[in-house]
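Student: My structure is stored as input_10.cif, with mmCIF, C-alpha atoms and all ligand atoms.
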data_final
#
loop_
_atom_site.label_atom_id
_atom_site.label_comp_id
_atom_site.auth_asym_id
_atom_site.auth_seq_id
_atom_site.Cartn_x
_atom_site.Cartn_y
_atom_site.Cartn_z
CA MET D 130 393.97 -45.64 29.13
CA LYS D 131 397.30 -45.95 27.33
CA THR D 132 398.15 -43.41 24.65
CA ILE D 133 400.09 -44.01 21.44
CA GLU D 134 403.18 -42.62 23.15
CA ASP D 135 403.12 -45.74 25.33
CA LEU D 136 403.47 -48.04 22.31
CA ASP D 137 406.72 -48.94 20.60
CA VAL D 138 405.49 -48.69 17.03
CA ALA D 139 408.63 -48.47 14.88
CA GLY D 140 408.60 -51.17 12.22
CA LYS D 141 405.37 -52.62 13.62
CA ARG D 142 402.06 -53.12 11.85
CA VAL D 143 399.65 -50.83 13.74
CA PHE D 144 395.94 -51.33 13.20
CA VAL D 145 394.15 -47.98 13.55
CA ARG D 146 390.39 -48.31 14.00
CA ALA D 147 389.27 -44.95 12.63
CA ASP D 148 385.83 -43.53 11.92
CA LEU D 149 385.94 -42.50 8.27
CA ASN D 150 382.16 -42.69 7.99
CA VAL D 151 381.88 -39.50 5.94
CA PRO D 152 378.85 -38.23 4.04
CA LEU D 153 379.06 -39.09 0.34
CA ASP D 154 377.30 -37.81 -2.75
CA GLY D 155 378.05 -40.69 -5.09
CA THR D 156 381.81 -40.99 -4.68
CA THR D 157 382.29 -37.35 -3.66
CA ILE D 158 382.97 -36.70 0.03
CA THR D 159 380.75 -33.77 1.02
CA ASP D 160 382.38 -33.30 4.44
CA ASP D 161 385.82 -34.65 5.30
CA GLY D 162 385.80 -33.60 8.96
CA ARG D 163 386.15 -37.15 10.26
CA ILE D 164 389.13 -37.88 8.02
CA ARG D 165 390.87 -34.68 9.08
CA ALA D 166 390.15 -35.47 12.73
CA VAL D 167 392.03 -38.77 12.74
CA ALA D 168 394.84 -37.75 10.39
CA PRO D 169 397.12 -36.36 13.17
CA THR D 170 397.17 -39.75 14.92
CA ILE D 171 398.09 -41.49 11.67
CA ALA D 172 400.73 -38.87 10.87
CA LYS D 173 402.31 -39.36 14.30
CA LEU D 174 402.49 -43.12 13.79
CA VAL D 175 403.98 -42.59 10.33
CA ALA D 176 406.61 -40.24 11.72
CA ARG D 177 407.59 -42.94 14.23
CA GLY D 178 408.07 -45.52 11.50
CA ALA D 179 404.93 -47.59 12.00
CA ARG D 180 403.31 -49.57 9.18
CA VAL D 181 399.83 -48.16 9.56
CA VAL D 182 396.77 -50.27 8.70
CA VAL D 183 393.68 -48.06 8.85
CA ALA D 184 390.20 -49.57 9.03
CA SER D 185 386.72 -48.08 9.30
CA HIS D 186 383.07 -48.65 8.53
CA LEU D 187 381.06 -46.49 6.14
CA GLY D 188 377.29 -46.39 6.21
CA ARG D 189 375.23 -49.47 6.84
CA PRO D 190 375.95 -52.14 4.24
CA LYS D 191 374.37 -55.50 5.03
CA GLY D 192 377.42 -57.56 5.92
CA ALA D 193 378.48 -58.04 2.29
CA PRO D 194 380.40 -55.96 -0.27
CA ASP D 195 378.33 -53.10 -1.70
CA PRO D 196 380.11 -50.58 -3.95
CA THR D 197 377.91 -47.69 -2.79
CA PHE D 198 379.63 -47.95 0.60
CA SER D 199 383.21 -48.34 -0.61
CA LEU D 200 385.90 -46.52 1.37
CA ALA D 201 387.95 -45.94 -1.81
CA PRO D 202 387.16 -42.17 -1.87
CA ALA D 203 388.31 -41.92 1.76
CA ALA D 204 391.69 -43.48 0.87
CA VAL D 205 392.24 -40.78 -1.74
CA ARG D 206 391.24 -37.99 0.63
CA LEU D 207 393.33 -39.38 3.50
CA GLY D 208 396.31 -39.49 1.15
CA GLU D 209 395.79 -35.83 0.22
CA ILE D 210 395.57 -34.80 3.86
CA LEU D 211 398.65 -36.80 4.89
CA GLY D 212 400.54 -35.74 1.79
CA LYS D 213 401.51 -39.31 1.01
CA ASN D 214 400.18 -42.31 -0.83
CA VAL D 215 397.57 -44.40 0.97
CA ALA D 216 397.37 -47.93 -0.42
CA PHE D 217 393.83 -49.29 -0.65
CA ALA D 218 392.85 -52.92 -0.09
CA THR D 219 389.69 -53.90 -1.94
CA ASP D 220 388.68 -56.26 0.85
CA THR D 221 389.02 -56.24 4.64
CA VAL D 222 390.63 -59.57 5.58
CA GLY D 223 391.06 -61.31 2.20
CA GLU D 224 393.86 -61.56 -0.34
CA SER D 225 393.97 -57.88 -1.15
CA ALA D 226 394.23 -56.90 2.53
CA GLU D 227 396.95 -59.47 3.16
CA SER D 228 399.10 -58.46 0.21
CA THR D 229 398.55 -54.73 0.77
CA VAL D 230 399.61 -54.98 4.41
CA ALA D 231 402.54 -57.27 3.58
CA ALA D 232 403.79 -54.68 1.06
CA LEU D 233 403.83 -51.83 3.61
CA GLY D 234 407.21 -50.39 4.46
CA ASP D 235 408.01 -48.47 7.64
CA GLY D 236 406.11 -45.17 7.68
CA GLU D 237 403.64 -46.28 5.03
CA VAL D 238 399.85 -46.32 5.24
CA ALA D 239 397.12 -48.60 3.91
CA LEU D 240 393.35 -48.40 4.23
CA LEU D 241 391.25 -51.57 4.26
CA GLU D 242 387.83 -51.76 2.60
CA ASN D 243 384.68 -51.19 4.69
CA LEU D 244 384.67 -53.36 7.83
CA ARG D 245 380.91 -53.80 7.54
CA PHE D 246 381.27 -55.69 4.27
CA ASN D 247 381.87 -58.57 6.70
CA ALA D 248 378.96 -59.95 8.73
CA GLY D 249 381.30 -60.64 11.65
CA GLU D 250 381.94 -56.96 12.27
CA THR D 251 378.49 -56.13 13.63
CA SER D 252 377.33 -59.64 14.59
CA LYS D 253 375.41 -60.04 17.83
CA ASP D 254 376.88 -63.55 18.08
CA ASP D 255 380.02 -63.26 20.23
CA ALA D 256 381.74 -66.20 18.53
CA GLU D 257 381.14 -64.87 15.02
CA ARG D 258 382.42 -61.44 16.01
CA LYS D 259 385.45 -62.90 17.75
CA ALA D 260 386.30 -65.01 14.71
CA PHE D 261 386.30 -61.89 12.53
CA ALA D 262 388.38 -60.00 15.12
CA GLU D 263 390.94 -62.82 14.97
CA GLN D 264 391.19 -62.42 11.20
CA LEU D 265 391.79 -58.69 11.69
CA ALA D 266 394.35 -59.36 14.43
CA ALA D 267 396.39 -61.44 11.98
CA LEU D 268 396.99 -58.26 9.98
CA ALA D 269 398.65 -56.32 12.80
CA ASP D 270 400.98 -56.31 15.80
CA LEU D 271 399.41 -53.41 17.72
CA TYR D 272 395.99 -51.76 17.96
CA VAL D 273 395.13 -48.07 18.23
CA GLY D 274 391.49 -47.18 18.88
CA ASP D 275 390.71 -43.78 17.39
CA GLY D 276 387.25 -44.16 15.86
CA PHE D 277 385.38 -42.14 18.43
CA GLY D 278 382.16 -42.16 16.38
CA ALA D 279 381.97 -45.95 16.76
CA VAL D 280 383.01 -46.51 20.40
CA HIS D 281 379.40 -47.01 21.47
CA ARG D 282 379.21 -50.08 19.21
CA LYS D 283 380.00 -53.57 20.43
CA HIS D 284 381.57 -54.42 17.09
CA ALA D 285 384.50 -56.72 16.30
CA SER D 286 386.98 -54.00 15.34
CA VAL D 287 385.92 -51.75 18.21
CA TYR D 288 385.28 -54.13 21.09
CA ASP D 289 386.85 -57.55 20.42
CA LEU D 290 390.02 -56.68 18.55
CA PRO D 291 391.68 -54.55 21.27
CA GLY D 292 391.53 -57.62 23.50
CA LEU D 293 393.68 -59.55 21.02
CA LEU D 294 396.52 -57.05 20.57
CA PRO D 295 398.52 -54.65 22.74
CA HIS D 296 396.47 -51.46 22.47
CA ALA D 297 396.21 -47.75 23.13
CA ALA D 298 393.80 -44.88 22.53
CA GLY D 299 394.57 -42.49 19.70
CA ASP D 300 394.73 -38.72 20.14
CA LEU D 301 391.22 -38.12 18.78
CA ILE D 302 389.59 -40.40 21.33
CA ALA D 303 391.68 -38.84 24.09
CA THR D 304 390.51 -35.35 23.08
CA GLU D 305 386.86 -36.32 22.65
CA VAL D 306 386.70 -38.05 26.02
CA GLY D 307 388.44 -35.11 27.68
CA VAL D 308 385.83 -32.65 26.41
CA LEU D 309 382.81 -34.82 27.21
CA LYS D 310 384.14 -35.54 30.67
CA LYS D 311 384.13 -31.79 31.30
CA LEU D 312 380.42 -31.69 30.43
CA THR D 313 379.67 -34.28 33.10
CA GLU D 314 381.63 -32.46 35.78
CA GLU D 315 381.39 -28.82 36.87
CA VAL D 316 380.03 -26.76 33.99
CA ALA D 317 379.69 -23.00 33.57
CA ARG D 318 375.99 -22.11 33.82
CA PRO D 319 373.48 -21.76 32.38
CA TYR D 320 374.09 -25.13 30.73
CA VAL D 321 371.91 -25.18 27.62
CA VAL D 322 371.34 -28.33 25.58
CA VAL D 323 369.94 -28.22 22.05
CA LEU D 324 368.63 -31.48 20.61
CA GLY D 325 367.35 -32.14 17.12
CA GLY D 326 367.96 -34.42 14.17
CA ALA D 327 366.16 -37.48 12.95
CA LYS D 328 367.22 -40.38 15.18
CA VAL D 329 364.57 -39.59 17.76
CA SER D 330 364.54 -42.82 19.76
CA ASP D 331 368.37 -42.86 19.93
CA LYS D 332 368.35 -39.39 21.40
CA LEU D 333 365.54 -39.43 23.92
CA GLY D 334 367.64 -41.45 26.38
CA VAL D 335 370.13 -38.66 26.92
CA ILE D 336 367.40 -36.36 28.21
CA ASP D 337 366.97 -38.61 31.21
CA ASN D 338 370.48 -37.77 32.43
CA LEU D 339 370.49 -34.18 31.17
CA LEU D 340 367.41 -33.40 33.27
CA LYS D 341 369.72 -33.74 36.27
CA LYS D 342 372.43 -31.58 34.76
CA ALA D 343 371.16 -28.99 32.27
CA ASP D 344 369.39 -25.73 33.01
CA ARG D 345 367.59 -25.51 29.67
CA ILE D 346 366.76 -28.01 26.96
CA LEU D 347 365.74 -26.73 23.52
CA ILE D 348 364.10 -29.20 21.15
CA GLY D 349 364.08 -28.96 17.35
CA GLY D 350 364.41 -31.14 14.27
CA GLY D 351 362.46 -34.33 13.86
CA MET D 352 362.43 -34.81 17.65
CA ALA D 353 360.15 -31.87 18.19
CA TYR D 354 357.05 -33.52 16.74
CA THR D 355 356.94 -36.30 19.30
CA PHE D 356 356.95 -33.59 21.97
CA LEU D 357 354.29 -31.51 20.20
CA LYS D 358 352.12 -34.60 19.77
CA ALA D 359 352.59 -35.45 23.45
CA LYS D 360 351.25 -31.99 24.25
CA GLY D 361 348.14 -32.83 22.27
CA HIS D 362 348.92 -31.05 19.01
CA GLU D 363 348.34 -32.30 15.48
CA VAL D 364 351.68 -33.06 13.83
CA GLY D 365 350.41 -34.22 10.43
CA ILE D 366 352.88 -36.51 8.68
CA SER D 367 355.93 -35.22 10.57
CA LEU D 368 358.52 -37.60 11.99
CA LEU D 369 356.86 -39.16 15.00
CA GLN D 370 357.84 -41.74 17.59
CA GLU D 371 354.36 -42.53 18.87
CA ASP D 372 355.53 -45.22 21.32
CA GLN D 373 357.81 -42.67 23.03
CA ILE D 374 354.99 -40.31 24.00
CA PRO D 375 354.74 -41.62 27.59
CA VAL D 376 358.52 -41.17 27.98
CA VAL D 377 358.32 -37.65 26.61
CA LEU D 378 355.42 -36.76 28.93
CA ASP D 379 357.43 -38.03 31.87
CA TYR D 380 360.36 -35.83 30.84
CA LEU D 381 358.14 -32.77 30.60
CA LYS D 382 356.72 -33.50 34.05
CA ARG D 383 360.15 -34.03 35.60
CA ALA D 384 361.49 -30.88 33.97
CA GLU D 385 358.67 -28.90 35.53
CA ALA D 386 359.24 -30.46 38.95
CA THR D 387 363.00 -29.83 38.92
CA GLY D 388 362.94 -26.39 37.33
CA VAL D 389 364.67 -27.39 34.09
CA GLU D 390 363.39 -25.17 31.32
CA PHE D 391 362.08 -27.22 28.40
CA VAL D 392 361.60 -25.23 25.21
CA LEU D 393 359.65 -26.45 22.18
CA PRO D 394 359.20 -24.80 18.78
CA VAL D 395 356.45 -22.18 18.57
CA ASP D 396 356.34 -22.13 14.76
CA VAL D 397 357.47 -24.51 12.02
CA LEU D 398 357.93 -24.69 8.27
CA VAL D 399 355.70 -27.36 6.76
CA SER D 400 355.11 -28.96 3.41
CA ALA D 401 353.08 -31.84 1.99
CA GLU D 402 356.28 -33.21 0.47
CA PHE D 403 359.77 -34.01 1.63
CA PRO D 404 362.13 -31.76 -0.39
CA ASP D 405 364.28 -33.06 -3.23
CA LEU D 406 367.78 -33.03 -1.75
CA LYS D 407 369.41 -33.82 -5.09
CA THR D 408 367.97 -31.07 -7.32
CA LYS D 409 367.30 -28.75 -4.35
CA ALA D 410 364.29 -27.52 -6.30
CA PRO D 411 362.41 -24.78 -4.38
CA ALA D 412 360.23 -26.41 -1.75
CA ASN D 413 357.88 -23.45 -1.09
CA PRO D 414 357.11 -24.39 2.52
CA SER D 415 354.32 -22.76 4.53
CA LEU D 416 354.87 -21.22 7.94
CA VAL D 417 352.44 -22.33 10.64
CA ALA D 418 352.17 -22.12 14.41
CA ALA D 419 353.49 -25.25 16.13
CA ASP D 420 349.96 -26.11 17.30
CA ALA D 421 348.47 -25.69 13.82
CA ILE D 422 350.26 -28.21 11.59
CA PRO D 423 347.85 -29.35 8.85
CA ALA D 424 347.06 -33.08 8.97
CA ASP D 425 348.49 -33.70 5.48
CA GLN D 426 351.79 -31.85 6.00
CA GLU D 427 355.09 -32.42 7.78
CA GLY D 428 357.30 -30.10 9.77
CA LEU D 429 360.72 -29.73 8.18
CA ASP D 430 362.36 -26.82 10.03
CA ILE D 431 361.76 -24.49 12.94
CA GLY D 432 360.18 -21.16 12.01
CA PRO D 433 361.50 -17.58 12.45
CA LYS D 434 359.88 -16.99 15.87
CA THR D 435 361.46 -20.18 17.16
CA ARG D 436 364.83 -19.17 15.71
CA GLU D 437 364.63 -15.93 17.66
CA LEU D 438 363.44 -17.67 20.80
CA TYR D 439 366.26 -20.23 20.69
CA ALA D 440 368.87 -17.55 20.00
CA ALA D 441 367.64 -15.70 23.09
CA LYS D 442 367.78 -18.89 25.17
CA LEU D 443 371.39 -19.41 24.06
CA ALA D 444 372.60 -15.81 24.43
CA ASP D 445 373.53 -16.01 28.13
CA ALA D 446 374.68 -19.63 28.15
CA GLY D 447 377.88 -20.63 29.95
CA THR D 448 377.98 -24.08 28.36
CA VAL D 449 376.18 -25.47 25.30
CA PHE D 450 375.89 -29.01 24.02
CA TRP D 451 374.19 -29.25 20.64
CA ASN D 452 373.27 -32.46 18.87
CA GLY D 453 371.05 -32.71 15.83
CA PRO D 454 370.07 -30.24 13.09
CA MET D 455 366.93 -28.15 13.61
CA GLY D 456 365.54 -29.08 10.20
CA VAL D 457 366.32 -30.73 6.89
CA PHE D 458 369.36 -28.46 6.51
CA GLU D 459 370.47 -30.30 3.35
CA HIS D 460 367.85 -28.26 1.50
CA PRO D 461 368.31 -24.46 1.51
CA ASP D 462 364.63 -23.81 2.31
CA TYR D 463 365.00 -25.77 5.57
CA ALA D 464 368.52 -24.73 6.63
CA ASN D 465 367.70 -21.51 8.48
CA GLY D 466 366.85 -23.09 11.82
CA THR D 467 370.17 -24.94 11.95
CA LYS D 468 372.00 -21.80 10.80
CA ALA D 469 370.35 -19.72 13.52
CA VAL D 470 371.37 -22.15 16.25
CA ALA D 471 374.96 -22.35 14.95
CA GLN D 472 375.11 -18.54 14.86
CA ALA D 473 373.67 -18.28 18.37
CA LEU D 474 376.40 -20.60 19.66
CA LEU D 475 379.04 -18.37 18.09
CA ASP D 476 377.41 -15.20 19.44
CA SER D 477 377.40 -16.50 23.02
CA ASP D 478 380.45 -16.57 25.28
CA ALA D 479 379.71 -20.17 26.17
CA PHE D 480 381.94 -23.22 25.91
CA THR D 481 380.23 -24.85 22.93
CA VAL D 482 380.27 -28.52 22.00
CA VAL D 483 378.66 -29.74 18.78
CA GLY D 484 378.10 -33.50 18.57
CA GLY D 485 376.66 -35.63 15.81
CA GLY D 486 377.88 -36.55 12.35
CA ASP D 487 375.22 -34.54 10.56
CA SER D 488 375.34 -31.63 13.01
CA ALA D 489 379.10 -31.31 12.59
CA ALA D 490 378.79 -31.58 8.81
CA ALA D 491 375.94 -29.04 8.82
CA VAL D 492 378.06 -26.47 10.63
CA ARG D 493 380.78 -26.74 8.00
CA ILE D 494 378.53 -27.15 4.96
CA LEU D 495 376.55 -24.05 6.01
CA GLY D 496 379.80 -22.09 5.99
CA PHE D 497 380.64 -21.64 9.67
CA ASP D 498 384.24 -21.64 10.85
CA GLU D 499 384.63 -24.91 12.75
CA ASN D 500 387.45 -23.43 14.82
CA ALA D 501 385.07 -20.87 16.27
CA PHE D 502 383.29 -23.60 18.26
CA GLY D 503 384.69 -24.98 21.50
CA HIS D 504 384.70 -28.52 20.19
CA ILE D 505 383.12 -30.31 17.27
CA SER D 506 382.76 -33.96 18.13
CA THR D 507 383.10 -36.63 15.47
CA GLY D 508 380.63 -38.83 17.32
CA GLY D 509 376.88 -38.38 17.59
CA GLY D 510 375.60 -41.58 19.19
CA ALA D 511 378.90 -42.00 21.02
CA SER D 512 378.82 -38.54 22.59
CA LEU D 513 375.15 -38.94 23.56
CA GLU D 514 375.74 -42.31 25.18
CA TYR D 515 378.73 -40.91 27.03
CA LEU D 516 376.56 -38.09 28.40
CA GLU D 517 373.87 -40.65 29.25
CA GLY D 518 376.45 -42.16 31.59
CA LYS D 519 376.58 -45.46 29.72
CA THR D 520 379.68 -47.64 29.49
CA LEU D 521 380.93 -47.45 25.92
CA PRO D 522 382.22 -50.83 24.70
CA GLY D 523 385.03 -49.31 22.62
CA LEU D 524 386.33 -47.22 25.52
CA ALA D 525 386.00 -50.06 28.03
CA ALA D 526 388.03 -52.30 25.69
CA LEU D 527 390.81 -49.71 25.54
CA GLU D 528 390.91 -49.44 29.35
CA GLY D 529 391.59 -53.17 29.74
P1 LIG D 601 373.35 -36.19 13.96
O1 LIG D 601 374.05 -37.00 12.89
O2 LIG D 601 373.88 -34.80 14.09
O3 LIG D 601 373.28 -36.92 15.26
P2 LIG D 601 370.78 -37.11 13.03
O4 LIG D 601 371.47 -38.17 12.24
O5 LIG D 601 369.95 -37.53 14.16
O6 LIG D 601 371.83 -35.99 13.50
O7 LIG D 601 369.82 -36.26 12.10
C1 LIG D 601 370.26 -35.56 10.98
C2 LIG D 601 369.18 -35.55 9.96
O8 LIG D 601 367.97 -35.08 10.51
C3 LIG D 601 369.47 -34.64 8.79
O9 LIG D 601 369.71 -35.43 7.65
C4 LIG D 601 368.20 -33.81 8.65
O10 LIG D 601 367.76 -33.70 7.31
C5 LIG D 601 367.20 -34.59 9.46
N1 LIG D 601 366.09 -33.79 9.99
C6 LIG D 601 366.15 -32.69 10.76
N2 LIG D 601 364.93 -32.21 11.02
C7 LIG D 601 364.05 -33.01 10.39
C8 LIG D 601 362.62 -33.03 10.28
N3 LIG D 601 361.88 -32.11 10.86
N4 LIG D 601 362.08 -34.02 9.55
C9 LIG D 601 362.85 -34.96 8.97
N5 LIG D 601 364.19 -35.00 9.05
C10 LIG D 601 364.78 -34.04 9.75
MG MG D 602 373.39 -38.60 11.63
#
Show the structure stored in the file as structure tokens.

Tutor:
Amino acid sequence: MKTIEDLDVAGKRVFVRADLNVPLDGTTITDDGRIRAVAPTIAKLVARGARVVVASHLGRPKGAPDPTFSLAPAAVRLGEILGKNVAFATDTVGESAESTVAALGDGEVALLENLRFNAGETSKDDAERKAFAEQLAALADLYVGDGFGAVHRKHASVYDLPGLLPHAAGDLIATEVGVLKKLTEEVARPYVVVLGGAKVSDKLGVIDNLLKKADRILIGGGMAYTFLKAKGHEVGISLLQEDQIPVVLDYLKRAEATGVEFVLPVDVLVSAEFPDLKTKAPANPSLVAADAIPADQEGLDIGPKTRELYAAKLADAGTVFWNGPMGVFEHPDYANGTKAVAQALLDSDAFTVVGGGDSAAAVRILGFDENAFGHISTGGGASLEYLEGKTLPGLAALEG
């Protein structure tokens, strides 16, 4: 894979595919980790006199402009971080983009509006995607792939566009791949994996590969209830992926056969209602044993016994990979499980990798020092698919 040092960027229009998909509360960025992570690449290109055209997706708009998913706040924040003005185009490939890019001088930066405001970006139709990639290619001379959080997507700006322009990987992608590669090679043991979060079906696949690699797998978050249900327990109205129960049972069986320790919550915080994340009004959850969830309630965090158990399972770790919050950490009543796991990572001497947009944001929002972790990945799905051993379209395109 070429790096940006291999490109002659002075005076050239350089398209940087970044991942500025940051969490927003209205137009306020609640965690700017992803913007800070790609800023060094942009700053380097600026210092070398490139005309930098940054592009990203934000959220999941439906292929048409939608002001709730505008990247305008990210342009402001990126400008603050770089210490220079970042011009903002109000479209991606239209008049505003064209004139904004044409107005760039050497060492100047522009951000285009959300790539996903265009149906071609995520289209499953190769021709439609390619046509959009060609429109993007017209805006630049060179391509730098640095949106690690999106490299598992076969999208126009990630997969098709690098094929149309001389290209290289940015520093963020190089770092991310370097760390994840380490996790697939020789790791310091015990290798403990903690999985949680809400995207259960996206995350079950990684267990398949991790069963061959990890020594212990701890399950929390919304994932846990599919496992508890598979073990025959009532899970009430908790997040559940009923169709995945056979898969989960197979994992439990294989773990037992191969000696991988599989650890499930022993107690959980439950409530009849999902908490109000806006007002953060007290949720008054009840604490129940993991095999005693009332039929009309849902599990929203791991309980204190589980926190202690997971901390103990992490204490002697040599390597930890953690993806997915242990509960609905956005509400203070359900943040303690996630806090306990973050603290346990810091208390261990392990090489710790945190992956996942929400997991990374949780660590920072809950007040932990991000520099105290071995590595905080900007990519959730991307890091999981890498560890699954899959070919990532955005990385494959940069190799070519
Ligand atoms: P990541 O972005 O780190 O990969 P996910 O996107 O899979 O993580 O999941 C993060 C979300 O999971 C958070 O918004 C959190 O509120 C939610 N979550 C965690 N535990 C539960 C639970 N028990 N029930 C519902 N949602 C949960
Ligand atoms: Mg997420």

Student: One decimal, in Å: what's the spacing between CA of Tyr515 in chain D and CA of Ala279 in chain D?

Tutor: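 Interatomic distance, CA of Tyr515 in chain D to CA of Ala279 in chain D: 11.9 Å.
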
Student: Please return as a VMD selection string the residues found within 7 Å of ligand LIG 601 (chain D), counting only C-alpha atoms and all ligand atoms.

Tutor: chain D and resid 325 to 329 350 to 351 367 to 368 428 to 430 452 to 459 484 to 489 509 to 510

Student: Find the residues around His296 in chain D up to 12 Å (all atoms listed in the file counted), leave out those fewer than 2 positions away in its own chain, and share them as an NGL selection string.

Tutor: :D and (130-138 or 143-146 or 266 or 269-275 or 287-294 or 298-299 or 523-529)

Student: Keeping only C-alpha atoms, write those residues as a short mmCIF file (atom, residue, chain, number, x, y, z; two decimals), in the frame of the given file.

Tutor:
data_model
loop_
_atom_site.label_atom_id
_atom_site.label_comp_id
_atom_site.auth_asym_id
_atom_site.auth_seq_id
_atom_site.Cartn_x
_atom_site.Cartn_y
_atom_site.Cartn_z
CA MET D 130 393.97 -45.64 29.13
CA LYS D 131 397.30 -45.95 27.33
CA THR D 132 398.15 -43.41 24.65
CA ILE D 133 400.09 -44.01 21.44
CA GLU D 134 403.18 -42.62 23.15
CA ASP D 135 403.12 -45.74 25.33
CA LEU D 136 403.47 -48.04 22.31
CA ASP D 137 406.72 -48.94 20.60
CA VAL D 138 405.49 -48.69 17.03
CA VAL D 143 399.65 -50.83 13.74
CA PHE D 144 395.94 -51.33 13.20
CA VAL D 145 394.15 -47.98 13.55
CA ARG D 146 390.39 -48.31 14.00
CA ALA D 266 394.35 -59.36 14.43
CA ALA D 269 398.65 -56.32 12.80
CA ASP D 270 400.98 -56.31 15.80
CA LEU D 271 399.41 -53.41 17.72
CA TYR D 272 395.99 -51.76 17.96
CA VAL D 273 395.13 -48.07 18.23
CA GLY D 274 391.49 -47.18 18.88
CA ASP D 275 390.71 -43.78 17.39
CA VAL D 287 385.92 -51.75 18.21
CA TYR D 288 385.28 -54.13 21.09
CA ASP D 289 386.85 -57.55 20.42
CA LEU D 290 390.02 -56.68 18.55
CA PRO D 291 391.68 -54.55 21.27
CA GLY D 292 391.53 -57.62 23.50
CA LEU D 293 393.68 -59.55 21.02
CA LEU D 294 396.52 -57.05 20.57
CA ALA D 298 393.80 -44.88 22.53
CA GLY D 299 394.57 -42.49 19.70
CA GLY D 523 385.03 -49.31 22.62
CA LEU D 524 386.33 -47.22 25.52
CA ALA D 525 386.00 -50.06 28.03
CA ALA D 526 388.03 -52.30 25.69
CA LEU D 527 390.81 -49.71 25.54
CA GLU D 528 390.91 -49.44 29.35
CA GLY D 529 391.59 -53.17 29.74
#

Student: Please provide as a PyMOL selection string all residues within 12 Å of Gly212 in chain D, with the sequence filter that same-chain residues fewer than 3 positions apart are discarded (counting only C-alpha atoms).

Tutor: chain D and resi 168-169+171-172+175+204-209+215+237-238

Student: Using only C-alpha atoms, pick whichever of D:Arg282, D:Lys253, D:Arg177, D:His504 has the shortest atom-to-atom distance to Lys519 in chain D.

Tutor: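 Distance minimum relative to Lys519 in chain D lands on D:Arg282.
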
Student: Which polymer residues have any atom within 7 Å of an atom of range 330-344 of chain D, counting only C-alpha atoms, with same-chain residues fewer than 6 positions away left out, as a list in words?

Tutor: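 Counting only the stated atoms, we get Pro319, Tyr320, Val321, Val322, Ala384, Val389, Glu390, Leu513, Glu514, Leu516 and Glu517 of chain D.
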
Student: Rounded to one decimal, what separation in Å do you get between CA of Leu240 in chain D and CA of Asp254 in chain D?

Tutor: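 Spanning CA of Leu240 in chain D to CA of Asp254 in chain D is a straight-line distance of 26.3 Å.
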
Student: Calculate how many Å separate CA of Arg180 in chain D from CA of Phe277 in chain D, rounding to one decimal.

Tutor: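 Spanning CA of Arg180 in chain D to CA of Phe277 in chain D is a straight-line distance of 21.5 Å.
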
Student: Could you check which of D:His362, D:Gly178, D:Gly278, D:Tyr354 is closest to ligand MG 602 (chain D), using all atoms listed in the file?

Tutor: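 The answer is D:Gly278, which sits nearest to ligand MG 602 (chain D).
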
Student: Taking all atoms listed in the file into account, which of D:Leu149, D:Leu495, D:Ala490, D:His186 comes nearest ligand MG 602 (chain D)?

Tutor: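 The shortest atom-to-atom distance to ligand MG 602 (chain D) comes from D:Ala490.
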
Student: Around the point (375.7, -16.5, 30.1), in the coordinates given by the file, pick out the residues reaching within 10 Å, counting only C-alpha atoms, and return them as a VMD selection string.

Tutor: chain D and resid 317 to 321 442 to 448 477 to 479

Student: Since the input lacks some atoms of range 279-287 of chain D, please model N, CA and C atoms and print them as a PDB file, keeping the file's coordinate frame.

Tutor:
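result-v8.pdb written:
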ATOM      1  N   ALA D 279     382.452 -44.563  16.702  1.00  0.00           N
ATOM      2  CA  ALA D 279     381.970 -45.950  16.760  1.00  0.00           C
ATOM      3  C   ALA D 279     382.179 -46.604  18.133  1.00  0.00           C
ATOM      4  N   VAL D 280     382.681 -45.856  19.119  1.00  0.00           N
ATOM      5  CA  VAL D 280     383.010 -46.510  20.400  1.00  0.00           C
ATOM      6  C   VAL D 280     381.786 -46.984  21.188  1.00  0.00           C
ATOM      7  N   HIS D 281     380.594 -46.525  20.769  1.00  0.00           N
ATOM      8  CA  HIS D 281     379.400 -47.010  21.470  1.00  0.00           C
ATOM      9  C   HIS D 281     378.897 -48.318  20.852  1.00  0.00           C
ATOM     10  N   ARG D 282     379.620 -48.842  19.879  1.00  0.00           N
ATOM     11  CA  ARG D 282     379.210 -50.080  19.210  1.00  0.00           C
ATOM     12  C   ARG D 282     380.010 -51.267  19.721  1.00  0.00           C
ATOM     13  N   LYS D 283     379.301 -52.342  20.030  1.00  0.00           N
ATOM     14  CA  LYS D 283     380.000 -53.570  20.430  1.00  0.00           C
ATOM     15  C   LYS D 283     380.313 -54.353  19.158  1.00  0.00           C
ATOM     16  N   HIS D 284     381.224 -53.818  18.363  1.00  0.00           N
ATOM     17  CA  HIS D 284     381.570 -54.420  17.090  1.00  0.00           C
ATOM     18  C   HIS D 284     382.979 -55.023  17.162  1.00  0.00           C
ATOM     19  N   ALA D 285     383.246 -55.968  16.242  1.00  0.00           N
ATOM     20  CA  ALA D 285     384.500 -56.720  16.300  1.00  0.00           C
ATOM     21  C   ALA D 285     385.732 -55.817  16.334  1.00  0.00           C
ATOM     22  N   SER D 286     385.783 -54.839  15.441  1.00  0.00           N
ATOM     23  CA  SER D 286     386.980 -54.000  15.340  1.00  0.00           C
ATOM     24  C   SER D 286     387.079 -52.984  16.471  1.00  0.00           C
ATOM     25  N   VAL D 287     385.980 -52.769  17.159  1.00  0.00           N
ATOM     26  CA  VAL D 287     385.920 -51.750  18.210  1.00  0.00           C
ATOM     27  C   VAL D 287     386.075 -52.392  19.593  1.00  0.00           C
TER      28      VAL D 287
END
